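Pasted below: protein-v9.txt, compact mmCIF, C-alpha atoms.
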# COMPACT_ATOMS: atom_id res chain seq x y z
CA MET W 1 -4.49 64.44 -39.73
CA GLU W 2 -1.45 66.51 -38.76
CA ALA W 3 -0.92 66.22 -34.98
CA THR W 4 0.06 69.86 -34.63
CA TYR W 5 -3.06 70.99 -36.45
CA ALA W 6 -5.25 68.74 -34.27
CA ARG W 7 -3.64 70.00 -31.08
CA GLN W 8 -4.04 73.63 -32.15
CA LYS W 9 -7.67 73.07 -33.11
CA ILE W 10 -8.52 71.52 -29.73
CA GLN W 11 -6.73 74.31 -27.86
CA ASP W 12 -8.66 76.93 -29.85
CA TRP W 13 -11.92 75.17 -29.17
CA TYR W 14 -11.08 74.89 -25.49
CA LEU W 15 -10.54 78.65 -25.19
CA LEU W 16 -13.80 79.32 -27.01
CA TYR W 17 -16.15 76.69 -25.63
CA SER W 18 -14.84 75.27 -22.35
CA ASP W 19 -17.25 77.36 -20.24
CA ASP W 20 -20.23 76.33 -22.37
CA ILE W 21 -19.31 72.66 -22.18
CA TYR W 22 -18.61 72.81 -18.45
CA ARG W 23 -21.93 74.57 -17.80
CA TYR W 24 -23.86 72.05 -19.87
CA ILE W 25 -22.27 69.15 -18.00
CA LEU W 26 -22.75 70.84 -14.62
CA MET W 27 -26.45 71.32 -15.32
CA MET W 28 -26.72 67.66 -16.28
CA ILE W 29 -24.90 66.13 -13.30
CA GLY W 30 -24.85 68.87 -10.64
CA ASP W 31 -21.31 68.10 -9.46
CA HIS W 32 -18.69 70.79 -10.01
CA GLU W 33 -15.58 68.63 -9.65
CA GLN W 34 -17.00 65.87 -11.81
CA ALA W 35 -18.12 68.45 -14.40
CA LYS W 36 -14.52 69.69 -14.62
CA ASP W 37 -13.25 66.13 -15.23
CA LEU W 38 -15.91 65.45 -17.83
CA THR W 39 -15.09 68.74 -19.57
CA HIS W 40 -11.51 67.53 -19.89
CA ASP W 41 -12.71 64.16 -21.15
CA THR W 42 -14.90 65.85 -23.74
CA PHE W 43 -11.99 67.72 -25.30
CA ILE W 44 -9.75 64.66 -25.24
CA LYS W 45 -12.43 62.64 -27.02
CA ALA W 46 -12.76 65.45 -29.53
CA TYR W 47 -8.99 65.36 -30.11
CA ASN W 48 -8.98 61.59 -30.62
CA SER W 49 -11.88 61.66 -33.06
CA LEU W 50 -11.04 64.89 -34.86
CA ASN W 51 -10.60 63.00 -38.15
CA ARG W 52 -14.32 62.21 -38.01
CA PHE W 53 -15.30 65.85 -37.61
CA GLU W 54 -17.00 67.22 -40.70
CA GLU W 55 -16.09 70.83 -41.37
CA ASN W 56 -19.59 71.68 -42.59
CA THR W 57 -21.10 70.99 -39.15
CA SER W 58 -20.95 73.39 -36.22
CA ASP W 59 -17.90 72.71 -34.07
CA LYS W 60 -19.76 73.85 -30.96
CA ASN W 61 -22.66 71.47 -31.58
CA TRP W 62 -20.21 68.65 -32.28
CA LEU W 63 -18.59 69.30 -28.90
CA TYR W 64 -22.00 69.35 -27.22
CA LYS W 65 -22.72 66.01 -28.78
CA ILE W 66 -19.47 64.57 -27.41
CA ALA W 67 -20.14 66.18 -24.00
CA ARG W 68 -23.59 64.60 -23.97
CA ASN W 69 -22.17 61.14 -24.69
CA VAL W 70 -19.47 61.56 -22.06
CA THR W 71 -22.08 62.70 -19.50
CA ILE W 72 -24.48 59.88 -20.28
CA ASP W 73 -21.65 57.37 -19.91
CA TYR W 74 -20.85 58.89 -16.52
CA ILE W 75 -24.50 58.81 -15.40
CA ARG W 76 -24.78 55.16 -16.41
CA LYS W 77 -21.73 54.27 -14.36
CA ARG W 78 -23.05 55.90 -11.19
CA LYS W 79 -24.21 53.70 -8.36
CA PRO W 80 -27.68 52.15 -8.82
CA ILE W 81 -28.96 53.79 -5.64
CA GLN W 82 -28.72 57.16 -7.36
CA PHE W 83 -30.97 55.95 -10.15
CA ILE W 84 -33.49 54.73 -7.61
CA THR W 85 -33.47 58.10 -5.84
CA GLU W 86 -33.96 59.87 -9.16
CA SER W 87 -37.10 57.88 -9.87
CA PHE W 88 -38.90 59.13 -6.70
CA ALA W 89 -39.71 62.56 -8.09
CA PHE W 90 -42.54 63.25 -5.62
CA ILE W 91 -40.15 63.45 -2.68
CA PRO W 92 -38.91 67.01 -2.13
CA SER W 93 -35.29 67.15 -3.23
CA LYS W 94 -32.58 66.86 -0.58
CA GLU W 95 -29.86 66.67 -3.21
CA PRO W 96 -27.31 69.42 -2.67
CA CYS W 97 -27.38 72.12 -5.28
CA PRO W 98 -23.99 73.01 -6.79
CA GLU W 99 -22.56 76.08 -5.13
CA GLU W 100 -22.11 77.79 -8.48
CA ILE W 101 -25.88 77.68 -9.00
CA ALA W 102 -26.89 78.36 -5.41
CA GLN W 103 -24.85 81.57 -5.55
CA LEU W 104 -27.03 82.86 -8.39
CA GLY W 105 -30.06 83.18 -6.13
CA GLU W 106 -33.00 81.39 -4.59
CA SER W 107 -35.07 81.21 -7.79
CA GLU W 108 -32.20 79.68 -9.72
CA GLU W 109 -31.62 77.12 -6.99
CA GLN W 110 -35.30 76.22 -6.79
CA LEU W 111 -35.59 75.89 -10.55
CA TYR W 112 -32.47 73.74 -10.68
CA ARG W 113 -33.75 71.41 -7.95
CA SER W 114 -37.01 70.90 -9.81
CA LEU W 115 -35.25 70.45 -13.13
CA LYS W 116 -33.11 67.69 -11.65
CA LYS W 117 -36.27 65.81 -10.67
CA LEU W 118 -37.39 65.47 -14.29
CA LYS W 119 -36.59 62.55 -16.49
CA ARG W 120 -33.39 62.87 -18.45
CA SER W 121 -34.89 63.62 -21.87
CA TYR W 122 -36.83 66.59 -20.39
CA GLN W 123 -33.69 67.87 -18.64
CA GLU W 124 -31.64 67.58 -21.82
CA VAL W 125 -34.04 69.41 -24.08
CA ILE W 126 -34.69 72.18 -21.52
CA ILE W 127 -30.97 72.72 -20.90
CA LEU W 128 -30.15 72.92 -24.60
CA ARG W 129 -33.15 75.00 -25.70
CA LYS W 130 -33.74 77.25 -22.70
CA ILE W 131 -30.34 77.59 -21.07
CA LYS W 132 -27.91 77.07 -23.94
CA GLU W 133 -30.42 78.67 -26.30
CA LEU W 134 -29.71 76.33 -29.17
CA SER W 135 -32.19 76.44 -32.04
CA ILE W 136 -34.62 73.58 -32.57
CA ARG W 137 -32.48 72.32 -35.47
CA GLU W 138 -29.28 72.50 -33.42
CA THR W 139 -30.93 70.78 -30.45
CA ALA W 140 -32.17 68.01 -32.72
CA GLU W 141 -28.65 67.61 -34.11
CA VAL W 142 -27.04 67.32 -30.66
CA LEU W 143 -29.65 64.92 -29.31
CA ASP W 144 -29.95 62.91 -32.54
CA TRP W 145 -33.68 63.50 -32.57
CA ASN W 146 -35.95 64.95 -35.23
CA GLU W 147 -37.20 68.51 -34.81
CA GLY W 148 -40.74 67.35 -34.07
CA LYS W 149 -39.53 65.34 -31.13
CA VAL W 150 -37.58 68.32 -29.82
CA LYS W 151 -40.71 70.52 -29.89
CA THR W 152 -42.97 67.91 -28.30
CA THR W 153 -40.48 66.93 -25.61
CA LEU W 154 -39.75 70.55 -24.77
CA PHE W 155 -43.45 71.31 -24.39
CA ARG W 156 -44.00 68.31 -22.14
CA GLY W 157 -40.77 68.95 -20.25
CA LEU W 158 -41.71 72.53 -19.39
CA HIS W 159 -45.14 71.41 -18.26
CA ALA W 160 -43.58 68.71 -16.10
CA LEU W 161 -41.12 71.27 -14.70
CA LYS W 162 -43.92 73.56 -13.57
CA GLN W 163 -45.80 70.66 -12.00
CA GLN W 164 -42.64 69.62 -10.22
CA MET W 165 -42.13 73.13 -8.83
CA ILE W 166 -45.64 73.09 -7.46
CA LYS W 167 -44.98 69.72 -5.82
CA GLU W 168 -41.77 71.07 -4.35
CA GLY W 169 -43.70 74.03 -2.93
CA TYR W 170 -41.89 76.63 -5.00
CA GLU W 171 -44.92 78.39 -6.48
CA HIS W 172 -45.07 81.99 -5.36
CA ASP W 173 -46.60 85.18 -6.61
CA VAL W 174 -44.41 87.87 -8.01
CA ILE W 175 -43.59 90.35 -5.31
CA MET R 1 -40.01 85.74 -5.11
CA MET R 2 -41.36 84.83 -8.50
CA SER R 3 -44.21 82.93 -10.03
CA PHE R 4 -43.12 80.11 -12.25
CA ASN R 5 -46.38 80.51 -14.11
CA ASP R 6 -44.81 83.63 -15.58
CA GLU R 7 -43.08 82.45 -18.78
CA ASP R 8 -40.83 85.50 -19.09
CA GLU R 9 -39.57 85.19 -15.54
CA LEU R 10 -38.89 81.50 -16.10
CA ASP R 11 -36.91 82.26 -19.25
CA LEU R 12 -34.92 84.93 -17.44
CA THR R 13 -34.09 82.50 -14.67
CA PHE R 14 -32.88 79.99 -17.25
CA LYS R 15 -30.68 82.63 -18.87
CA ARG R 16 -29.05 83.55 -15.58
CA TYR R 17 -27.52 80.08 -15.44
CA GLU R 18 -25.34 81.22 -18.32
CA SER R 19 -23.36 83.37 -15.93
CA VAL R 20 -21.93 80.24 -14.32
CA LYS R 21 -18.33 79.96 -15.43
CA LEU R 22 -15.18 78.10 -14.54
CA GLN R 23 -12.81 80.05 -12.29
CA HIS R 24 -9.73 81.25 -14.14
CA HIS R 25 -7.40 78.94 -12.22
CA GLU R 26 -9.73 76.00 -12.81
CA LYS R 27 -9.78 76.71 -16.50
CA GLU R 28 -5.96 76.80 -16.50
CA GLU R 29 -5.83 73.59 -14.51
CA ILE R 30 -8.10 71.72 -16.95
CA PHE R 31 -6.18 73.16 -19.90
CA SER R 32 -2.86 71.98 -18.47
CA LYS R 33 -4.30 68.51 -17.90
CA LEU R 34 -5.68 68.54 -21.42
CA VAL R 35 -2.30 69.41 -22.94
CA ASP R 36 -0.67 66.62 -20.93
CA SER R 37 -3.28 64.13 -22.13
CA ILE R 38 -2.83 65.22 -25.75
CA GLU R 39 0.96 64.84 -25.48
CA CYS R 40 0.54 61.42 -23.93
CA SER R 41 -1.82 60.44 -26.74
CA GLU R 42 0.67 61.71 -29.36
CA ARG R 43 3.49 59.74 -27.75
CA LYS R 44 1.33 56.60 -27.90
CA ASN R 45 0.55 57.27 -31.56
CA ARG R 46 4.21 57.85 -32.40
CA PHE R 47 5.19 54.65 -30.61
CA PHE R 48 2.51 52.72 -32.46
CA GLN R 49 3.58 54.21 -35.80
CA TRP R 50 7.15 53.13 -35.06
CA VAL R 51 6.22 49.66 -33.85
CA HIS R 52 3.55 48.94 -36.45
CA PRO R 53 5.89 48.28 -39.44
CA ILE R 54 8.15 46.14 -37.24
CA LEU R 55 5.22 44.05 -36.04
CA SER R 56 3.88 43.74 -39.59
CA THR R 57 7.26 42.62 -40.90
CA ALA R 58 7.62 40.12 -38.06
CA CYS R 59 4.18 38.69 -38.83
CA ILE R 60 5.01 38.37 -42.54
CA VAL R 61 8.32 36.63 -41.74
CA MET R 62 6.54 34.20 -39.39
CA LEU R 63 3.95 33.49 -42.06
CA LEU R 64 6.65 32.85 -44.66
CA VAL R 65 8.58 30.55 -42.33
CA PHE R 66 5.60 28.49 -41.24
CA GLY R 67 3.97 28.62 -44.69
CA GLY R 68 7.21 27.51 -46.33
CA TYR R 69 7.61 24.71 -43.83
CA TYR R 70 4.04 23.57 -44.47
CA LEU R 71 4.51 23.64 -48.25
CA ALA R 72 7.78 21.76 -48.07
CA ASP R 73 6.36 19.21 -45.67
CA HIS R 74 3.00 18.57 -47.32
CA LEU R 75 3.43 19.32 -50.99
CA LEU R 76 6.98 19.16 -52.21
CA MET R 77 8.11 16.17 -50.18
CA ASN R 78 5.17 14.08 -51.32
CA GLY R 79 5.32 15.29 -54.90
CA GLN R 80 1.56 15.69 -55.23
CA VAL R 81 -1.01 18.21 -54.20
CA ASP R 82 -3.98 15.95 -53.86
CA SER R 83 -2.54 13.49 -51.41
CA ASP R 84 -3.68 13.10 -47.81
CA GLN R 85 -1.06 10.46 -47.15
CA THR R 86 0.17 9.78 -43.65
CA ALA R 87 2.76 7.30 -42.41
CA GLU R 88 -0.01 5.06 -41.00
CA ASP R 89 -1.67 4.89 -44.44
CA ILE R 90 1.31 3.39 -46.27
CA PRO R 91 0.65 -0.35 -46.79
CA ALA R 92 3.32 -2.66 -45.40
CA ASN R 93 3.45 -4.89 -48.49
CA LEU R 94 3.69 -2.07 -51.03
CA PRO R 95 5.99 -3.14 -53.92
CA ASP R 96 9.14 -1.13 -54.59
CA GLY R 97 8.64 1.85 -56.84
CA MET R 98 5.03 2.38 -55.75
CA GLU R 99 3.49 5.04 -53.57
CA VAL R 100 0.17 5.81 -51.96
CA TYR R 101 -2.14 7.95 -54.04
CA THR R 102 -5.32 9.56 -52.74
CA HIS R 103 -7.93 11.51 -54.65
CA ALA R 104 -10.33 13.48 -52.46
CA GLU R 105 -12.81 14.35 -55.20
CA THR R 106 -13.57 10.71 -55.99
CA ASN R 107 -12.83 9.56 -52.40
CA ILE R 108 -10.30 6.98 -53.63
CA PHE R 109 -7.29 5.66 -51.71
CA THR R 110 -4.96 3.52 -53.80
CA VAL R 111 -1.35 2.95 -54.81
CA LYS R 112 0.49 3.68 -58.05
CA PRO R 113 3.99 3.51 -59.53
CA VAL R 114 5.90 6.62 -58.56
CA ASP R 115 6.45 7.81 -62.14
CA TRP R 116 2.96 7.18 -63.46
CA GLU R 117 0.84 10.10 -64.50
CA THR R 118 -2.65 10.46 -63.05
CA VAL R 119 -5.53 11.37 -65.31
CA THR R 120 -8.80 11.98 -63.51
CA HIS R 121 -12.12 11.07 -65.13
CA PRO R 122 -11.20 11.98 -68.75
CA ASN R 123 -14.59 10.84 -70.06
CA GLY R 124 -16.47 13.04 -67.64
CA ASN R 125 -17.11 10.17 -65.23
CA PRO R 126 -16.62 11.70 -61.81
CA ALA R 127 -16.43 8.25 -60.17
CA SER R 128 -13.26 7.14 -61.99
CA ILE R 129 -9.56 7.91 -62.09
CA TYR R 130 -6.96 6.67 -64.58
CA PHE R 131 -3.21 6.12 -64.52
CA GLN R 132 -1.21 6.32 -67.72
CA THR R 133 2.31 5.10 -68.55
CA GLU R 134 4.67 6.09 -71.29
CA LYS R 135 4.05 2.75 -73.02
CA ASN R 136 0.39 3.63 -73.39
CA ILE R 137 -0.81 1.24 -70.75
CA ASN R 138 -3.84 2.55 -68.92
CA ILE R 139 -5.16 1.51 -65.55
CA GLY R 140 -8.57 2.72 -64.48
CA ILE R 141 -10.27 2.56 -61.09
CA HIS R 142 -14.05 2.79 -61.42
CA GLN R 143 -16.73 3.15 -58.78
CA SER R 144 -19.42 3.10 -61.46
CA VAL R 145 -19.42 1.13 -64.72
CA TYR R 146 -21.90 1.85 -67.46
CA SER R 147 -20.18 0.65 -70.60
CA ILE R 148 -16.50 0.73 -71.27
CA ASN R 149 -15.27 3.90 -72.99
CA THR R 150 -18.62 5.66 -73.05
CA VAL R 151 -19.92 8.53 -71.01
CA LYS R 152 -22.70 8.11 -68.47
CA THR R 153 -26.18 9.19 -69.52
CA ASP R 154 -29.34 9.40 -67.43
CA THR R 155 -30.82 6.27 -69.01
CA GLU R 156 -27.76 4.07 -68.57
CA THR R 157 -27.54 1.50 -65.82
CA ASP R 158 -24.62 1.39 -63.42
CA TYR R 159 -23.68 -2.30 -63.89
CA LEU R 160 -21.19 -2.29 -61.05
CA ARG R 161 -23.34 -0.81 -58.28
CA GLU R 162 -26.48 -2.58 -59.43
CA ALA R 163 -24.76 -5.97 -59.40
CA TYR R 164 -23.25 -5.24 -55.99
CA ALA R 165 -26.57 -4.10 -54.52
CA GLU R 166 -28.36 -7.24 -55.72
CA SER R 167 -25.72 -9.69 -54.47
CA VAL R 168 -25.34 -11.30 -51.08
CA THR R 169 -21.86 -12.78 -51.56
CA TYR R 170 -18.75 -11.62 -53.38
CA GLU R 171 -18.93 -14.58 -55.75
CA GLU R 172 -22.52 -13.71 -56.63
CA PHE R 173 -21.48 -10.10 -57.27
CA ILE R 174 -18.76 -11.20 -59.73
CA VAL R 175 -21.15 -13.46 -61.66
CA ARG R 176 -23.86 -10.78 -61.91
CA PHE R 177 -21.38 -8.14 -63.05
CA ARG R 178 -19.83 -10.36 -65.72
CA GLU R 179 -23.24 -11.37 -67.07
CA ARG R 180 -24.39 -7.79 -67.47
CA PHE R 181 -21.19 -6.04 -68.46
CA LEU R 182 -19.67 -8.57 -70.83
CA SER R 183 -22.56 -10.90 -71.68
CA ASN R 184 -21.48 -11.54 -75.31
CA THR R 185 -17.70 -11.37 -74.90
CA PRO R 186 -15.50 -14.43 -74.26
CA VAL R 187 -13.77 -13.76 -70.95
CA GLU R 188 -10.99 -15.86 -69.44
CA GLU R 189 -10.24 -15.99 -65.72
CA MET R 190 -6.46 -15.73 -65.82
CA ASP R 191 -5.44 -15.35 -62.17
CA LYS R 192 -6.57 -14.93 -58.58
CA VAL R 193 -5.04 -12.17 -56.47
CA ASN R 194 -4.29 -13.45 -52.97
CA GLY R 195 -6.15 -16.59 -54.00
CA GLN R 196 -9.46 -14.72 -53.65
CA ILE R 197 -9.96 -11.98 -56.24
CA PRO R 198 -10.34 -13.33 -59.79
CA VAL R 199 -8.65 -11.43 -62.61
CA PHE R 200 -10.30 -11.67 -66.04
CA LEU R 201 -8.84 -11.19 -69.49
CA TYR R 202 -10.57 -10.45 -72.75
CA GLU R 203 -9.77 -8.92 -76.15
CA GLU R 204 -11.63 -6.22 -77.98
CA ASN R 205 -10.69 -4.05 -80.98
CA MET R 206 -7.08 -5.23 -81.07
CA LYS R 207 -6.57 -4.39 -77.39
CA ALA R 208 -6.22 -6.56 -74.36
CA TYR R 209 -8.25 -5.83 -71.25
CA VAL R 210 -7.60 -7.23 -67.79
CA PHE R 211 -9.99 -6.47 -64.95
CA ALA R 212 -11.08 -7.43 -61.47
CA VAL R 213 -13.97 -6.39 -59.29
CA THR R 214 -13.29 -5.78 -55.63
CA VAL R 215 -15.17 -4.64 -52.57
CA ALA R 216 -13.60 -2.53 -49.82
CA ASP R 217 -15.52 -0.92 -46.95
CA ASN R 218 -18.84 -1.74 -48.64
CA THR R 219 -17.75 0.02 -51.83
CA PRO R 220 -17.50 -1.91 -55.11
CA TYR R 221 -14.67 -1.17 -57.55
CA MET R 222 -13.87 -2.33 -61.06
CA ILE R 223 -10.15 -2.07 -61.73
CA GLU R 224 -9.06 -2.54 -65.31
CA MET R 225 -5.85 -2.40 -67.29
CA SER R 226 -5.77 -2.03 -71.06
CA PHE R 227 -2.93 -2.17 -73.55
CA LYS R 228 -2.07 -3.08 -77.11
CA GLN R 229 -0.59 -6.55 -77.45
CA ASP R 230 -0.30 -8.86 -80.45
CA ALA R 231 -0.69 -12.14 -78.62
CA VAL R 232 -3.21 -11.81 -75.83
CA ASP R 233 -2.72 -14.54 -73.27
CA ALA R 234 -2.24 -14.77 -69.53
CA ALA R 235 1.50 -15.46 -69.71
CA ALA R 236 2.13 -12.44 -71.92
CA VAL R 237 0.11 -10.17 -69.58
CA LYS R 238 1.96 -11.37 -66.48
CA GLY R 239 5.34 -10.97 -68.22
CA GLY R 240 4.63 -7.50 -69.59
CA GLY R 241 6.17 -5.69 -66.60
CA TYR R 242 3.03 -4.00 -65.27
CA TYR R 243 0.99 -6.82 -63.86
CA ASP R 244 2.48 -6.57 -60.36
CA TYR R 245 1.49 -2.91 -60.23
CA PHE R 246 -2.01 -3.84 -61.33
CA THR R 247 -2.43 -6.50 -58.62
CA ALA R 248 -1.07 -4.07 -55.98
CA ILE R 249 -3.74 -1.57 -57.01
CA ILE R 250 -6.39 -4.31 -56.73
CA GLU R 251 -5.18 -5.16 -53.22
CA HIS R 252 -4.98 -1.64 -51.84
CA THR R 253 -7.81 0.34 -53.42
CA ARG R 254 -10.42 1.46 -50.88
CA PRO R 255 -12.45 4.55 -49.95
CA LEU R 256 -10.35 7.45 -48.67
CA GLU R 257 -12.75 8.10 -45.77
Now, as a test, write the supplied structure out as structure tokens.
Amino acid sequence: MEATYARQKIQDWYLLYSDDIYRYILMMIGDHEQAKDLTHDTFIKAYNSLNRFEENTSDKNWLYKIARNVTIDYIRKRKPIQFITESFAFIPSKEPCPEEIAQLGESEEQLYRSLKKLKRSYQEVIILRKIKELSIRETAEVLDWNEGKVKTTLFRGLHALKQQMIKEGYEHDVI
Amino acid sequence: MMSFNDEDELDLTFKRYESVKLQHHEKEEIFSKLVDSIECSERKNRFFQWVHPILSTACIVMLLVFGGYYLADHLLMNGQVDSDQTAEDIPANLPDGMEVYTHAETNIFTVKPVDWETVTHPNGNPASIYFQTEKNINIGIHQSVYSINTVKTDTETDYLREAYAESVTYEEFIVRFRERFLSNTPVEEMDKVNGQIPVFLYEENMKAYVFAVTVADNTPYMIEMSFKQDAVDAAAVKGGGYYDYFTAIIEHTRPLE
């Protein structure tokens, strides 16, 4: 593939989708600086594997897929202690919430903290379906799941999220 | 405050996350880093594209040099493809004009005159090889003997191996083999190689046959020489010019491995 064409394509995609990719990664890892680095890594990986991109697929979903792989690789490389902490979901979260989310408001912060307590598959499907608003088909494509699994996991994930919010003491009546 | 039991409120909260964006300067910073990384990657690719044909050519040249050396050393210098000859294998008492010959398929190590042609199992006998000269003298080395000049069938008996298997001594082996292979043919013992290995002579269909049976590394061999000759006697065979080659083959034939 022509290098100039590849470079132009990646630059175009960056202008269009960098915020979406950054936001997706931030929601997954909760670290602004790291999310910036992984956003960069995502576009570099896309550049290096552009010859494998099939034009009939959505470029945005393809980038999400790469971002997901990059993020999972990062999560796997984190220190084991973080994995242990993540498994104790009943303990109210002390993990700092990214400033970008905390600034949105108390509800957003509370929801984020509870979301981060869920297992990764629940987090992934909720982020893609509810926050990124991808369709069931698109979500299945990004996660390499079938559509049935997306629906089931989303249902269970939302239920688990509500239970987690109750455990965290975030259940309030509408004022 | 909100109730997270309210689906609509929950969805709205999710959607508000979409307002999170990179700061303009951060976006520029990542973009600049991205461009640098792409340029670095392109430089690597260009370098590799430049180096790749050079490396490929160097590899091909090395292959040709070493391959050529191997061919010259192992094939051309020895004059035969099928030989596994090494300096240690060459017998000390090899007569002039002879060379070591090995045949992996039949597992035979022997010697032969340099200019003799090798003919492997022409009658379909995979346990034999033959040497042929321009004067139509044939020498055959056999690891199985069924009946001279016939092809092995399932019902035939291997006289050579059967006689060897049933014998305790070399002398006994010779007697058994002669009785079974040439029971009705007058055979003359015309010589003894190294004073130990008897050489026999007989005539059949206007041709003279000379043969000996040997054992090397627990493997029996029947080595025979045949040629047309008007007067068939021991003196004529020994003076024919090929007998020394024949006795050298008797002395040196053994399994290759």
Within 12 Å of chain W: residues of chain R, using only C-alpha atoms, as a PyMOL selection string:
chain R and resi 1-46
What box, with edges along x, y and z, holds each listed atom of range 171-179 of chain R when 3 Å is added on every side, and can you state its centre and edge lengths in Å to one decimal, as JSON?
{"center_x": -21.3, "center_y": -11.4, "center_z": -61.4, "size_x": 11.1, "size_y": 12.4, "size_z": 17.3}
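The closest residue to Glu188 in chain R, picked from R:Glu224, R:Asp233, R:Glu117, R:Glu257 and counting only C-alpha atoms, is R:Asp233.
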Record the distance separating CA of Met190 in chain R and CA of Asp244 in chain R, expressed in Å with one decimal.
13.9 Å
Work out how far CA of Ser49 in chain W is from CA of Gln123 in chain W, in Å to one decimal.
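Between these atoms lies a distance of 26.9 Å.
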Distance CA of Pro113 in chain R-CA of Lys192 in chain R, one decimal place?
21.3 Å
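Of the residues listed (R:Ser128, R:Thr169, R:Asn184, R:Asn194), R:Ser128 shows the shortest atom-to-atom separation from Tyr146 in chain R; distances use all atoms listed in the file.
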Find the residues near range 158-168 of chain R: any atom within 6 Å, counting all atoms listed in the file, skip ones fewer than 5 places away on the same chain, and give them as a list in words.
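With the cut-off at 6 Å, the set is Ser144, Val145, Tyr146, Phe173, Arg176 and Phe177 of chain R.
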Would you export the selected residues with C-alpha atoms as an mmCIF file, keeping the file's coordinate frame, please?
data_model
loop_
_atom_site.group_PDB
_atom_site.id
_atom_site.type_symbol
_atom_site.label_atom_id
_atom_site.label_comp_id
_atom_site.auth_asym_id
_atom_site.auth_seq_id
_atom_site.Cartn_x
_atom_site.Cartn_y
_atom_site.Cartn_z
ATOM 1 C CA SER R 144 -19.420 3.100 -61.460
ATOM 2 C CA VAL R 145 -19.420 1.130 -64.720
ATOM 3 C CA TYR R 146 -21.900 1.850 -67.460
ATOM 4 C CA PHE R 173 -21.480 -10.100 -57.270
ATOM 5 C CA ARG R 176 -23.860 -10.780 -61.910
ATOM 6 C CA PHE R 177 -21.380 -8.140 -63.050
#
Which neighbours of range 205-220 of chain R fall inside 9 Å, counting all atoms listed in the file, when residues of the same chain fewer than 3 positions from it are skipped, and could you give them as a PDB file with C-alpha atoms, in the frame of the given file?
ATOM      1  CA  HIS R 142     -14.050   2.790 -61.420  1.00  0.00           C
ATOM      2  CA  GLN R 143     -16.730   3.150 -58.780  1.00  0.00           C
ATOM      3  CA  SER R 144     -19.420   3.100 -61.460  1.00  0.00           C
ATOM      4  CA  LEU R 160     -21.190  -2.290 -61.050  1.00  0.00           C
ATOM      5  CA  ARG R 161     -23.340  -0.810 -58.280  1.00  0.00           C
ATOM      6  CA  TYR R 164     -23.250  -5.240 -55.990  1.00  0.00           C
ATOM      7  CA  TYR R 170     -18.750 -11.620 -53.380  1.00  0.00           C
ATOM      8  CA  PHE R 173     -21.480 -10.100 -57.270  1.00  0.00           C
ATOM      9  CA  ILE R 174     -18.760 -11.200 -59.730  1.00  0.00           C
ATOM     10  CA  PHE R 177     -21.380  -8.140 -63.050  1.00  0.00           C
ATOM     11  CA  MET R 190      -6.460 -15.730 -65.820  1.00  0.00           C
ATOM     12  CA  ILE R 197      -9.960 -11.980 -56.240  1.00  0.00           C
ATOM     13  CA  PRO R 198     -10.340 -13.330 -59.790  1.00  0.00           C
ATOM     14  CA  VAL R 199      -8.650 -11.430 -62.610  1.00  0.00           C
ATOM     15  CA  PHE R 200     -10.300 -11.670 -66.040  1.00  0.00           C
ATOM     16  CA  LEU R 201      -8.840 -11.190 -69.490  1.00  0.00           C
ATOM     17  CA  TYR R 202     -10.570 -10.450 -72.750  1.00  0.00           C
ATOM     18  CA  ILE R 223     -10.150  -2.070 -61.730  1.00  0.00           C
ATOM     19  CA  GLU R 224      -9.060  -2.540 -65.310  1.00  0.00           C
ATOM     20  CA  MET R 225      -5.850  -2.400 -67.290  1.00  0.00           C
ATOM     21  CA  SER R 226      -5.770  -2.030 -71.060  1.00  0.00           C
ATOM     22  CA  PHE R 227      -2.930  -2.170 -73.550  1.00  0.00           C
ATOM     23  CA  LYS R 228      -2.070  -3.080 -77.110  1.00  0.00           C
ATOM     24  CA  GLN R 229      -0.590  -6.550 -77.450  1.00  0.00           C
ATOM     25  CA  ASP R 230      -0.300  -8.860 -80.450  1.00  0.00           C
ATOM     26  CA  ALA R 231      -0.690 -12.140 -78.620  1.00  0.00           C
ATOM     27  CA  VAL R 232      -3.210 -11.810 -75.830  1.00  0.00           C
ATOM     28  CA  ASP R 233      -2.720 -14.540 -73.270  1.00  0.00           C
ATOM     29  CA  VAL R 237       0.110 -10.170 -69.580  1.00  0.00           C
ATOM     30  CA  ILE R 250      -6.390  -4.310 -56.730  1.00  0.00           C
ATOM     31  CA  GLU R 251      -5.180  -5.160 -53.220  1.00  0.00           C
ATOM     32  CA  HIS R 252      -4.980  -1.640 -51.840  1.00  0.00           C
ATOM     33  CA  THR R 253      -7.810   0.340 -53.420  1.00  0.00           C
ATOM     34  CA  ARG R 254     -10.420   1.460 -50.880  1.00  0.00           C
ATOM     35  CA  PRO R 255     -12.450   4.550 -49.950  1.00  0.00           C
TER      36      PRO R 255
END
Around (-31.8, 70.9, -31.7) in the file's frame, which residues reach within 10 Å when counting only C-alpha atoms? Return as a ChimeraX atom specification?
/W:61,125,128-129,133-151
